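What's in final_30.csv: CSV, C-alpha atoms
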```csv
chain,number,residue,atom,x,y,z
B,1,ALA,CA,-13.0,-26.7,-31.6
B,2,GLN,CA,-11.7,-23.7,-29.7
B,3,LYS,CA,-14.2,-20.9,-29.2
B,4,ILE,CA,-11.5,-18.2,-29.0
B,5,THR,CA,-8.3,-18.5,-30.9
B,6,GLN,CA,-5.3,-16.2,-30.5
B,7,THR,CA,-2.7,-17.3,-33.0
B,8,GLN,CA,0.2,-15.1,-31.7
B,9,PRO,CA,1.7,-16.6,-28.5
B,10,GLY,CA,4.3,-13.7,-28.4
B,11,MET,CA,5.0,-10.4,-30.2
B,12,PHE,CA,7.9,-8.0,-30.1
B,13,VAL,CA,7.1,-4.5,-31.2
B,14,GLN,CA,9.1,-1.3,-31.3
B,15,GLU,CA,7.9,1.5,-29.1
B,16,LYS,CA,5.6,4.0,-30.8
B,17,GLU,CA,4.6,1.5,-33.5
B,18,ALA,CA,1.0,0.3,-33.9
B,19,VAL,CA,0.2,-3.2,-32.8
B,20,THR,CA,-2.5,-5.6,-34.0
B,21,LEU,CA,-3.4,-8.6,-31.8
B,22,ASP,CA,-5.4,-11.2,-33.6
B,23,CYS,CA,-8.5,-12.9,-32.3
B,24,THR,CA,-11.0,-15.2,-34.0
B,25,TYR,CA,-14.0,-16.7,-32.4
B,26,ASP,CA,-16.6,-19.3,-33.0
B,27,THR,CA,-20.2,-19.1,-31.9
B,28,SER,CA,-23.7,-19.9,-33.2
B,29,ASP,CA,-25.3,-17.3,-31.0
B,30,GLN,CA,-26.6,-14.1,-32.7
B,31,SER,CA,-26.1,-12.0,-29.6
B,32,TYR,CA,-22.7,-12.1,-28.0
B,33,GLY,CA,-20.0,-9.8,-26.7
B,34,LEU,CA,-16.3,-9.7,-27.3
B,35,PHE,CA,-13.8,-8.4,-24.7
B,36,TRP,CA,-10.1,-7.6,-24.5
B,37,TYR,CA,-8.2,-7.7,-21.3
B,38,LYS,CA,-4.7,-6.8,-20.4
B,39,GLN,CA,-2.8,-8.7,-17.7
B,40,PRO,CA,0.5,-7.1,-16.6
B,41,SER,CA,3.1,-9.1,-14.7
B,42,SER,CA,1.4,-8.0,-11.5
B,43,GLY,CA,-1.4,-10.3,-12.4
B,44,GLU,CA,-4.6,-8.3,-12.4
B,45,MET,CA,-7.1,-8.4,-15.3
B,46,ILE,CA,-7.6,-4.9,-16.7
B,47,PHE,CA,-10.6,-4.4,-19.0
B,48,LEU,CA,-9.7,-2.6,-22.3
B,49,ILE,CA,-12.5,-2.7,-24.7
B,50,TYR,CA,-15.9,-4.3,-25.6
B,51,GLN,CA,-17.7,-5.0,-28.8
B,52,GLY,CA,-21.3,-6.2,-29.0
B,53,SER,CA,-22.3,-8.3,-31.9
B,54,TYR,CA,-25.0,-5.8,-32.9
B,55,ASP,CA,-22.8,-2.7,-32.5
B,56,GLU,CA,-22.7,-1.0,-35.8
B,57,GLN,CA,-19.4,0.7,-35.3
B,58,ASN,CA,-16.1,-0.7,-34.2
B,59,ALA,CA,-15.3,0.1,-30.6
B,60,THR,CA,-12.7,2.5,-29.6
B,61,GLU,CA,-11.2,3.4,-26.1
B,62,GLY,CA,-8.4,5.9,-26.3
B,63,ARG,CA,-5.4,4.2,-27.9
B,64,TYR,CA,-7.3,0.9,-28.2
B,65,SER,CA,-9.6,0.0,-31.1
B,66,LEU,CA,-11.3,-3.2,-32.0
B,67,ASN,CA,-11.3,-4.2,-35.7
B,68,PHE,CA,-14.6,-6.2,-35.7
B,69,GLN,CA,-15.3,-8.3,-38.9
B,70,LYS,CA,-18.4,-10.2,-38.1
B,71,ALA,CA,-18.6,-12.3,-41.2
B,72,ARG,CA,-15.0,-13.5,-40.7
B,73,LYS,CA,-15.6,-13.9,-36.9
B,74,SER,CA,-12.6,-11.8,-36.2
B,75,ALA,CA,-12.1,-9.2,-33.4
B,76,ASN,CA,-8.6,-7.9,-33.5
B,77,LEU,CA,-7.3,-5.4,-31.0
B,78,VAL,CA,-5.3,-2.5,-32.4
B,79,ILE,CA,-3.1,-0.5,-30.1
B,80,SER,CA,-1.9,2.8,-31.6
B,81,ALA,CA,1.4,4.4,-30.7
B,82,SER,CA,2.6,1.6,-28.4
B,83,GLN,CA,4.3,2.4,-25.1
B,84,LEU,CA,6.7,0.5,-22.8
B,85,GLY,CA,3.8,0.1,-20.3
B,86,ASP,CA,1.8,-1.8,-22.9
B,87,SER,CA,4.1,-4.8,-22.3
B,88,ALA,CA,1.8,-7.5,-20.9
B,89,MET,CA,-0.4,-10.5,-21.7
B,90,TYR,CA,-3.5,-9.7,-23.7
B,91,PHE,CA,-6.6,-11.9,-23.7
B,92,CYS,CA,-9.5,-12.0,-26.0
B,93,ALA,CA,-12.7,-13.3,-24.5
B,94,MET,CA,-16.3,-13.9,-25.6
B,95,ARG,CA,-19.6,-13.9,-23.7
B,96,GLU,CA,-22.5,-15.8,-25.3
B,97,GLY,CA,-26.1,-16.2,-24.3
B,98,LEU,CA,-26.9,-12.5,-24.1
B,99,SER,CA,-30.2,-12.8,-26.0
B,100,GLY,CA,-31.6,-15.1,-23.4
B,101,GLY,CA,-31.0,-12.6,-20.7
B,102,GLY,CA,-29.0,-15.0,-18.6
B,103,ALA,CA,-25.6,-14.5,-19.9
B,104,ASP,CA,-23.0,-17.2,-19.5
B,105,GLY,CA,-19.4,-16.6,-18.4
B,106,LEU,CA,-16.5,-15.5,-20.5
B,107,THR,CA,-14.6,-17.9,-22.7
B,108,PHE,CA,-11.0,-16.8,-23.0
B,109,GLY,CA,-8.3,-17.4,-25.6
B,110,LYS,CA,-4.8,-18.4,-24.5
B,111,GLY,CA,-3.4,-14.9,-24.8
B,112,THR,CA,-0.7,-13.0,-26.6
B,113,HIS,CA,2.4,-11.9,-24.7
B,114,LEU,CA,3.3,-8.5,-26.1
B,115,ILE,CA,6.7,-7.0,-25.4
B,116,ILE,CA,7.4,-3.4,-26.4
B,117,GLN,CA,11.0,-2.7,-27.1
B,118,PRO,CA,12.5,0.8,-26.7
Q,1,ASN,CA,-16.0,2.3,-4.0
Q,2,ALA,CA,-14.0,-0.9,-3.6
Q,3,GLY,CA,-15.2,-2.8,-6.8
Q,4,VAL,CA,-14.5,-6.5,-6.6
Q,5,THR,CA,-12.7,-7.6,-3.5
Q,6,GLN,CA,-11.1,-11.1,-3.1
Q,7,THR,CA,-9.6,-12.6,0.0
Q,8,PRO,CA,-7.2,-14.1,0.7
Q,9,LYS,CA,-4.6,-13.0,-1.8
Q,10,PHE,CA,-2.2,-15.9,-1.1
Q,11,GLN,CA,-2.9,-19.2,0.5
Q,12,VAL,CA,-1.0,-22.5,0.9
Q,13,LEU,CA,-3.1,-25.6,1.7
Q,14,LYS,CA,-2.3,-29.2,2.4
Q,15,THR,CA,-4.0,-31.9,0.3
Q,16,GLY,CA,-7.4,-32.7,1.7
Q,17,GLN,CA,-7.9,-29.4,3.5
Q,18,SER,CA,-10.9,-27.3,2.8
Q,19,MET,CA,-11.1,-23.5,2.4
Q,20,THR,CA,-13.2,-20.7,1.1
Q,21,LEU,CA,-12.2,-18.0,-1.2
Q,22,GLN,CA,-14.2,-14.9,-0.5
Q,23,CYS,CA,-15.5,-12.5,-3.2
Q,24,ALA,CA,-17.5,-9.3,-2.5
Q,25,GLN,CA,-18.7,-6.5,-4.8
Q,26,ASP,CA,-20.3,-3.2,-4.0
Q,27,MET,CA,-21.7,-2.3,-7.4
Q,28,ASN,CA,-25.0,-4.1,-7.0
Q,29,HIS,CA,-24.2,-6.4,-9.9
Q,30,GLU,CA,-26.5,-9.3,-10.6
Q,31,TYR,CA,-23.8,-11.5,-12.3
Q,32,MET,CA,-20.8,-12.9,-10.5
Q,33,SER,CA,-18.4,-15.6,-11.5
Q,34,TRP,CA,-15.3,-17.5,-10.6
Q,35,TYR,CA,-12.4,-18.4,-12.9
Q,36,ARG,CA,-9.1,-20.2,-12.5
Q,37,GLN,CA,-6.0,-19.4,-14.5
Q,38,ASP,CA,-3.3,-22.0,-15.0
Q,39,PRO,CA,0.2,-21.3,-16.4
Q,40,GLY,CA,0.2,-20.4,-20.1
Q,41,MET,CA,-3.6,-20.4,-20.3
Q,42,GLY,CA,-6.4,-18.0,-20.3
Q,43,LEU,CA,-9.0,-18.0,-17.6
Q,44,ARG,CA,-11.5,-20.9,-17.4
Q,45,LEU,CA,-15.0,-20.5,-15.8
Q,46,ILE,CA,-15.6,-22.5,-12.7
Q,47,HIS,CA,-19.1,-21.4,-11.5
Q,48,TYR,CA,-21.3,-18.4,-12.0
Q,49,SER,CA,-24.4,-16.8,-10.6
Q,50,VAL,CA,-27.0,-14.6,-12.3
Q,51,GLY,CA,-28.5,-13.4,-9.0
Q,52,ALA,CA,-29.0,-14.3,-5.3
Q,53,GLY,CA,-30.0,-17.9,-4.9
Q,54,ILE,CA,-29.1,-18.9,-8.5
Q,55,THR,CA,-25.8,-20.6,-9.4
Q,56,ASP,CA,-24.7,-22.7,-12.3
Q,57,GLN,CA,-21.6,-24.7,-13.4
Q,58,GLY,CA,-19.0,-23.5,-15.8
Q,59,GLU,CA,-16.3,-25.3,-17.7
Q,60,VAL,CA,-14.4,-26.7,-14.8
Q,61,PRO,CA,-16.7,-27.1,-11.7
Q,62,ASN,CA,-15.4,-30.3,-10.2
Q,63,GLY,CA,-14.0,-30.0,-6.7
Q,64,TYR,CA,-15.6,-26.6,-6.1
Q,65,ASN,CA,-18.8,-25.5,-4.5
Q,66,VAL,CA,-20.6,-22.1,-4.5
Q,67,SER,CA,-23.6,-20.4,-3.1
Q,68,ARG,CA,-25.1,-16.9,-3.5
Q,69,SER,CA,-27.1,-15.9,-0.5
Q,70,THR,CA,-26.7,-12.1,-1.1
Q,71,THR,CA,-26.2,-9.9,-4.1
Q,72,GLU,CA,-22.8,-8.8,-2.8
Q,73,ASP,CA,-21.1,-12.0,-1.9
Q,74,PHE,CA,-20.1,-15.1,-3.9
Q,75,PRO,CA,-17.8,-17.4,-2.0
Q,76,LEU,CA,-15.9,-20.3,-3.6
Q,77,ARG,CA,-15.4,-23.4,-1.5
Q,78,LEU,CA,-12.8,-26.1,-2.0
Q,79,LEU,CA,-14.1,-29.1,-0.1
Q,80,SER,CA,-11.0,-31.3,-0.2
Q,81,ALA,CA,-8.1,-29.5,-1.9
Q,82,ALA,CA,-5.9,-31.4,-4.4
Q,83,PRO,CA,-2.6,-30.4,-6.0
Q,84,SER,CA,-4.5,-30.0,-9.3
Q,85,GLN,CA,-6.3,-27.0,-7.8
Q,86,THR,CA,-3.1,-25.1,-7.5
Q,87,SER,CA,-3.9,-22.0,-9.6
Q,88,VAL,CA,-4.7,-18.3,-9.6
Q,89,TYR,CA,-8.4,-17.7,-8.9
Q,90,PHE,CA,-10.3,-14.6,-10.1
Q,91,CYS,CA,-13.7,-13.4,-9.2
Q,92,ALA,CA,-15.7,-11.2,-11.5
Q,93,SER,CA,-18.9,-9.3,-11.6
Q,94,SER,CA,-21.1,-7.3,-13.9
Q,95,TYR,CA,-24.7,-6.4,-14.8
Q,96,SER,CA,-26.3,-9.4,-16.5
Q,97,GLU,CA,-25.7,-8.0,-20.0
Q,98,GLY,CA,-22.9,-5.7,-19.0
Q,99,ARG,CA,-20.5,-4.4,-21.5
Q,100,THR,CA,-17.8,-4.3,-18.8
Q,101,ILE,CA,-16.9,-7.2,-16.5
Q,102,TYR,CA,-14.9,-6.3,-13.5
Q,103,PHE,CA,-12.3,-8.6,-12.0
Q,104,GLY,CA,-10.9,-8.9,-8.5
Q,105,GLU,CA,-7.1,-8.8,-8.1
Q,106,GLY,CA,-6.8,-12.6,-7.9
Q,107,SER,CA,-6.1,-15.2,-5.2
Q,108,TRP,CA,-2.9,-17.3,-5.5
Q,109,LEU,CA,-3.6,-20.8,-4.2
Q,110,THR,CA,-1.0,-23.5,-3.7
Q,111,VAL,CA,-2.0,-27.0,-2.6
Q,112,VAL,CA,0.9,-29.2,-1.4
```

Would you write out, as structure tokens, the structure that this file holds?
Amino acid sequence: AQKITQTQPGMFVQEKEAVTLDCTYDTSDQSYGLFWYKQPSSGEMIFLIYQGSYDEQNATEGRYSLNFQKARKSANLVISASQLGDSAMYFCAMREGLSGGGADGLTFGKGTHLIIQP
Amino acid sequence: NAGVTQTPKFQVLKTGQSMTLQCAQDMNHEYMSWYRQDPGMGLRLIHYSVGAGITDQGEVPNGYNVSRSTTEDFPLRLLSAAPSQTSVYFCASSYSEGRTIYFGEGSWLTVV
């Protein structure tokens, strides 16, 4: 079974609209972290937002927020007021093993290609 | 403050050649890792290290070798390159339980 599932291979959104990118995850760990990264066409991986499994509030970073529903194992990224520069690939990722102090690497989903249309 | 620096950015190898991808970070991070990204896929973990002298395998370790002699450096070695290793390689670093994982700019490797 996939550990990170992103069900939207591609999305087209009108500029200034809000966007929700879906991510579900699978883990038996109690302590884990969820990340979202943006990868523009230039190829670099840009960190957007992080949510820890014990964080009481949903994470927010500027126009980005994370809709964390622990019971549903869901960690959707919400981009408010989308801009043309938001066009990129977006990856959801999970880091397990945090409680043991020797965290493992990230497990990535296959990504969502977001295109913002003027 | 350079962050995570990878070299080279582009490389073409012939099948059977060996090479080393360099990764250095200046943030005193304990944790470093290497990923590969193939077309249409997310990144997959090759090897990682939780500190100098400590390394472990990730999801796709075959054909790659790593060592961690200093906190700053985490080189990835391809011992005998194969066309299946054509990919984009990313190095990353963070504190062990960091809430932010920093990536290098990527290294584009083609094996012919």

(Q) If the cut-off is 10 Å, can you tell me the residues of chain B near chain Q, counting only C-alpha atoms? I'd like them as an MDAnalysis selection string. (A) chainID B and resid 9 32:35 37 42:52 89:93 95:113

Q.
as a PyMOL selection string, please: the residues near Lys70 (chain B) (cut-off 12 Å, only C-alpha atoms, same-chain neighbours under 2 positions excluded).
A. chain B and resi 23-27+30-34+51-58+66-68+72-76

Q. Could you work out how far CA of Gln83 (chain B) lies from CA of Gln14 (chain B), giving the answer in Å with one decimal?
A.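 Separation between CA of Gln14 (chain B) and CA of Gln83 (chain B): 8.7 Å.
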
Q | Å distance separating CA of Asn65 (chain Q) from CA of Ser94 (chain Q), one decimal place | A |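 CA of Ser94 (chain Q) lies 20.6 Å from CA of Asn65 (chain Q).
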
(Q) I'd like the interatomic distance between CA of Thr60 (chain B) and CA of Trp36 (chain B), to a tenth of an Å. (A)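 Result for CA of Thr60 (chain B) versus CA of Trp36 (chain B): 11.6 Å, one decimal.
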
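Take the candidates Q:Val12, Q:Val111, Q:Ala24, Q:Ala52 and check each one against Leu76 (chain Q) using only C-alpha atoms; the shortest distance goes to Q:Ala24.
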